[in-house]
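**Student:** Sharing a structure with you now.
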Amino acid sequence: MTFGEGDGTLMKLGGGRIPVKFNSALLATFWATFVVVSLSAYTARAAQATSEPRMASEAQADVEREHQAQKQEQRDQQQEHTDRMQELYSDGRGYLDEEDYRDAVQKFSELAEMNGPQTDAALYWKAYAQNRQGKREAALATTAELKRRFPQSRWKKDAEALEIEMKQRSGGTVNPDSQSNEDLKFLALQGIMNSDPEHAMPFIQKYLDGGGSPKEKSKALFLLAQSGSPQAHETLKKIALGQSNPELQRKAVEYLGTMGGKGNAETLAEIYASTKDPELKRAVIRSYMISGDHEHLFALAKGEKDESLKRDAIRNLGISGARTELLQLYQADTSTEARTDILQALFLSGDSQKLAEVARQEKNPELRRAAIRDMGLMGGKEPELQSIYMNDSDRGVKEEVLNAYFIGGNATGLIAVARTEKDPELKKKAVEKLSLMNSKEATNYLMELLDK
């Protein structure tokens, strides 16, 4: 196309030229339209070019959040499995103490079927309960299974002692009248232990090594722990170092923690370093917590390679109120998983100030959300939550603040969001949570919505 001067032009079509009449206003209109259309197309392309990286970034963030959620779910499932095994063991032992042997057999059978690290212990206590029920043949079959499946088990010695006891008796249930005799014997033994520990020690050792009830063995161990005699303390240390079945060993470890002292702390460190039994290691960690030994807990939280034990050490730092050590760990360990555990420990220690600081300043949104969740568990009333909601651009963080308000029963915070939030989805979430709260303030606001 070619344009001429003045009020006319020659438009070239095919091989000829056709004169076309137009004025300068028409030409100006044409160019204006061309520029507008071109700018619109450019703007659309620019917007698309800008939005594509943003959408890609958001998609990547969603993938990362999903990945983190899956990892957390796996960790939670593993912890749930561990907790269930511990629950079964504790319930079974409780039923033994109550002399409810039928339910004890049921709990220990279920625990044995889970094939976890306590299977050999479950089989021993199952056999013990079966014997107390008078089911001698079943008990002998269970001890045989224990020895066959776990020939190196530390419960084997106790199982053999139980077999000897069963073979010496008729296989019937224990005579209830003997219970009062045992109580009297322990009262007598306690008196002798107080006045003449050396004379009492052989009787204590007999209870610990025999096939007696768990209650009897626990009482004997307690008498050792309560005695101030060097011989009793040395025997307790030997049991803690492994010269008995694992349950008595763990109890002895806990008693060492209760007693405290530098010498006992060194013994606990020796036990932790020498054993491969995770449950015994956890008993040592609990003992450090009981004795307030932040130094050893801090060392384990820094250096332990087993993630589950590391988490236990961190959690017990929180329970014992070791905030300084937890802050040092948070600075030193940059992994999301470890920092999440540390935040939970800070929650256990009651350090709301540090949680609020992480929620405001941490660059990792997953950690910010974790800190906000813990703030919700602490009551959800912290004024920092409102500031975080208003200033954080991460939608997940905003939703976590709403959850924190809800968990903490903070209707005021939710109502403030419901009144001012422009995003309809977030506003809806706030109102949904208010509808689930048993709060007069929440009910008044919901009535206000109905009146509009």
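In the structure tokens, chains take letters A, B, ... by order of appearance, with residues numbered from 1 within each chain and ligands from 1 in the order shown.
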Residues within 8 Å of Leu248 (chain A), please, as a PyMOL selection string. Count only C-alpha atoms; anything in the same chain fewer than 3 positions from it doesn't count.
**Tutor:** chain A and resi 217-218+221+239-240+244-245+251-252
**Student:** Could you write those residues out with C-alpha atoms, as a PDB file, in the first residue's frame?
**Tutor:**
```pdb
ATOM      1  CA  LYS A 217      10.358 -56.898  90.726  1.00  0.00           C
ATOM      2  CA  SER A 218       9.429 -53.228  90.506  1.00  0.00           C
ATOM      3  CA  LEU A 221      14.074 -52.212  92.309  1.00  0.00           C
ATOM      4  CA  ILE A 239      21.039 -53.302  86.334  1.00  0.00           C
ATOM      5  CA  ALA A 240      21.017 -50.004  84.410  1.00  0.00           C
ATOM      6  CA  SER A 244      18.892 -57.748  83.872  1.00  0.00           C
ATOM      7  CA  ASN A 245      15.900 -57.807  81.511  1.00  0.00           C
ATOM      8  CA  LYS A 251      13.410 -48.568  85.166  1.00  0.00           C
ATOM      9  CA  ALA A 252      16.884 -48.507  86.689  1.00  0.00           C
TER      10      ALA A 252
END
```
**Student:** Find the residues near region 376-392 of chain A: any atom within 9 Å, counting only C-alpha atoms, skip ones fewer than 3 places away on the same chain, and give them as an mmCIF file with N, CA and C atoms, in the first residue's frame.
**Tutor:**
```
data_model
loop_
_atom_site.group_PDB
_atom_site.id
_atom_site.type_symbol
_atom_site.label_atom_id
_atom_site.label_comp_id
_atom_site.auth_asym_id
_atom_site.auth_seq_id
_atom_site.Cartn_x
_atom_site.Cartn_y
_atom_site.Cartn_z
ATOM 1 N N PHE A 347 7.424 -24.426 71.720
ATOM 2 C CA PHE A 347 6.034 -24.381 72.199
ATOM 3 C C PHE A 347 5.922 -25.088 73.550
ATOM 4 N N GLY A 350 7.072 -23.023 76.261
ATOM 5 C CA GLY A 350 6.280 -21.821 76.513
ATOM 6 C C GLY A 350 6.882 -20.548 75.955
ATOM 7 N N SER A 352 6.601 -18.170 73.600
ATOM 8 C CA SER A 352 5.755 -17.559 72.573
ATOM 9 C C SER A 352 6.477 -16.424 71.838
ATOM 10 N N ALA A 356 6.683 -16.105 67.768
ATOM 11 C CA ALA A 356 6.184 -14.924 67.054
ATOM 12 C C ALA A 356 7.273 -14.341 66.152
ATOM 13 N N GLU A 357 8.504 -14.350 66.636
ATOM 14 C CA GLU A 357 9.624 -13.837 65.837
ATOM 15 C C GLU A 357 9.817 -14.674 64.573
ATOM 16 N N ALA A 359 7.518 -16.533 63.124
ATOM 17 C CA ALA A 359 6.332 -16.336 62.288
ATOM 18 C C ALA A 359 6.428 -15.044 61.477
ATOM 19 N N ARG A 360 7.107 -14.036 62.020
ATOM 20 C CA ARG A 360 7.242 -12.757 61.316
ATOM 21 C C ARG A 360 8.425 -12.730 60.353
ATOM 22 N N ALA A 371 5.211 -22.221 63.036
ATOM 23 C CA ALA A 371 5.269 -21.343 64.218
ATOM 24 C C ALA A 371 3.883 -20.808 64.559
ATOM 25 N N ILE A 372 3.116 -20.450 63.537
ATOM 26 C CA ILE A 372 1.765 -19.922 63.764
ATOM 27 C C ILE A 372 0.862 -21.002 64.356
ATOM 28 N N ARG A 373 1.003 -22.248 63.867
ATOM 29 C CA ARG A 373 0.215 -23.348 64.442
ATOM 30 C C ARG A 373 0.485 -23.480 65.932
ATOM 31 N N ARG A 395 -0.610 -16.953 51.081
ATOM 32 C CA ARG A 395 -1.989 -17.311 51.416
ATOM 33 C C ARG A 395 -2.041 -18.414 52.470
ATOM 34 N N VAL A 397 0.013 -18.875 54.861
ATOM 35 C CA VAL A 397 0.286 -18.268 56.162
ATOM 36 C C VAL A 397 -0.982 -17.624 56.711
ATOM 37 N N LYS A 398 -1.712 -16.917 55.836
ATOM 38 C CA LYS A 398 -2.962 -16.285 56.265
ATOM 39 C C LYS A 398 -3.963 -17.334 56.758
ATOM 40 N N GLU A 399 -4.077 -18.438 56.044
ATOM 41 C CA GLU A 399 -5.003 -19.494 56.462
ATOM 42 C C GLU A 399 -4.569 -20.099 57.793
ATOM 43 N N GLU A 400 -3.250 -20.177 57.995
ATOM 44 C CA GLU A 400 -2.752 -20.726 59.259
ATOM 45 C C GLU A 400 -3.082 -19.794 60.423
ATOM 46 N N VAL A 401 -3.067 -18.487 60.177
ATOM 47 C CA VAL A 401 -3.456 -17.536 61.220
ATOM 48 C C VAL A 401 -4.924 -17.748 61.590
ATOM 49 N N LEU A 402 -5.758 -17.965 60.579
ATOM 50 C CA LEU A 402 -7.174 -18.235 60.853
ATOM 51 C C LEU A 402 -7.328 -19.504 61.691
ATOM 52 N N ASN A 403 -6.544 -20.535 61.355
ATOM 53 C CA ASN A 403 -6.583 -21.766 62.152
ATOM 54 C C ASN A 403 -6.131 -21.504 63.589
ATOM 55 N N ALA A 404 -5.090 -20.671 63.730
ATOM 56 C CA ALA A 404 -4.584 -20.351 65.074
ATOM 57 C C ALA A 404 -5.643 -19.619 65.887
ATOM 58 N N TYR A 405 -6.327 -18.677 65.251
ATOM 59 C CA TYR A 405 -7.428 -17.985 65.930
ATOM 60 C C TYR A 405 -8.485 -18.988 66.395
ATOM 61 N N PHE A 406 -8.823 -19.929 65.498
ATOM 62 C CA PHE A 406 -9.874 -20.898 65.807
ATOM 63 C C PHE A 406 -9.446 -21.833 66.936
ATOM 64 N N ILE A 407 -8.243 -22.392 66.836
ATOM 65 C CA ILE A 407 -7.755 -23.318 67.859
ATOM 66 C C ILE A 407 -7.673 -22.628 69.211
ATOM 67 N N GLY A 408 -7.246 -21.358 69.191
ATOM 68 C CA GLY A 408 -7.111 -20.612 70.433
ATOM 69 C C GLY A 408 -8.401 -19.992 70.926
ATOM 70 N N GLY A 409 -9.495 -20.187 70.197
ATOM 71 C CA GLY A 409 -10.778 -19.623 70.611
ATOM 72 C C GLY A 409 -10.833 -18.116 70.503
ATOM 73 N N ASN A 410 -10.061 -17.554 69.559
ATOM 74 C CA ASN A 410 -9.988 -16.100 69.414
ATOM 75 C C ASN A 410 -11.039 -15.624 68.414
ATOM 76 N N GLY A 413 -10.305 -12.061 66.722
ATOM 77 C CA GLY A 413 -9.423 -12.056 65.558
ATOM 78 C C GLY A 413 -10.140 -12.489 64.299
ATOM 79 N N ALA A 416 -12.516 -9.754 63.062
ATOM 80 C CA ALA A 416 -11.784 -8.662 62.417
ATOM 81 C C ALA A 416 -11.464 -9.019 60.973
ATOM 82 N N VAL A 417 -11.081 -10.269 60.728
ATOM 83 C CA VAL A 417 -10.802 -10.703 59.359
ATOM 84 C C VAL A 417 -12.088 -10.713 58.544
#
```
**Student:** Kindly give the distance, in Å, that separates CA of Gln118 (chain A) and CA of Glu145 (chain A), rounded to a single decimal.
**Tutor:**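 Calculated distance between CA of Gln118 (chain A) and CA of Glu145 (chain A) is 14.3 Å.
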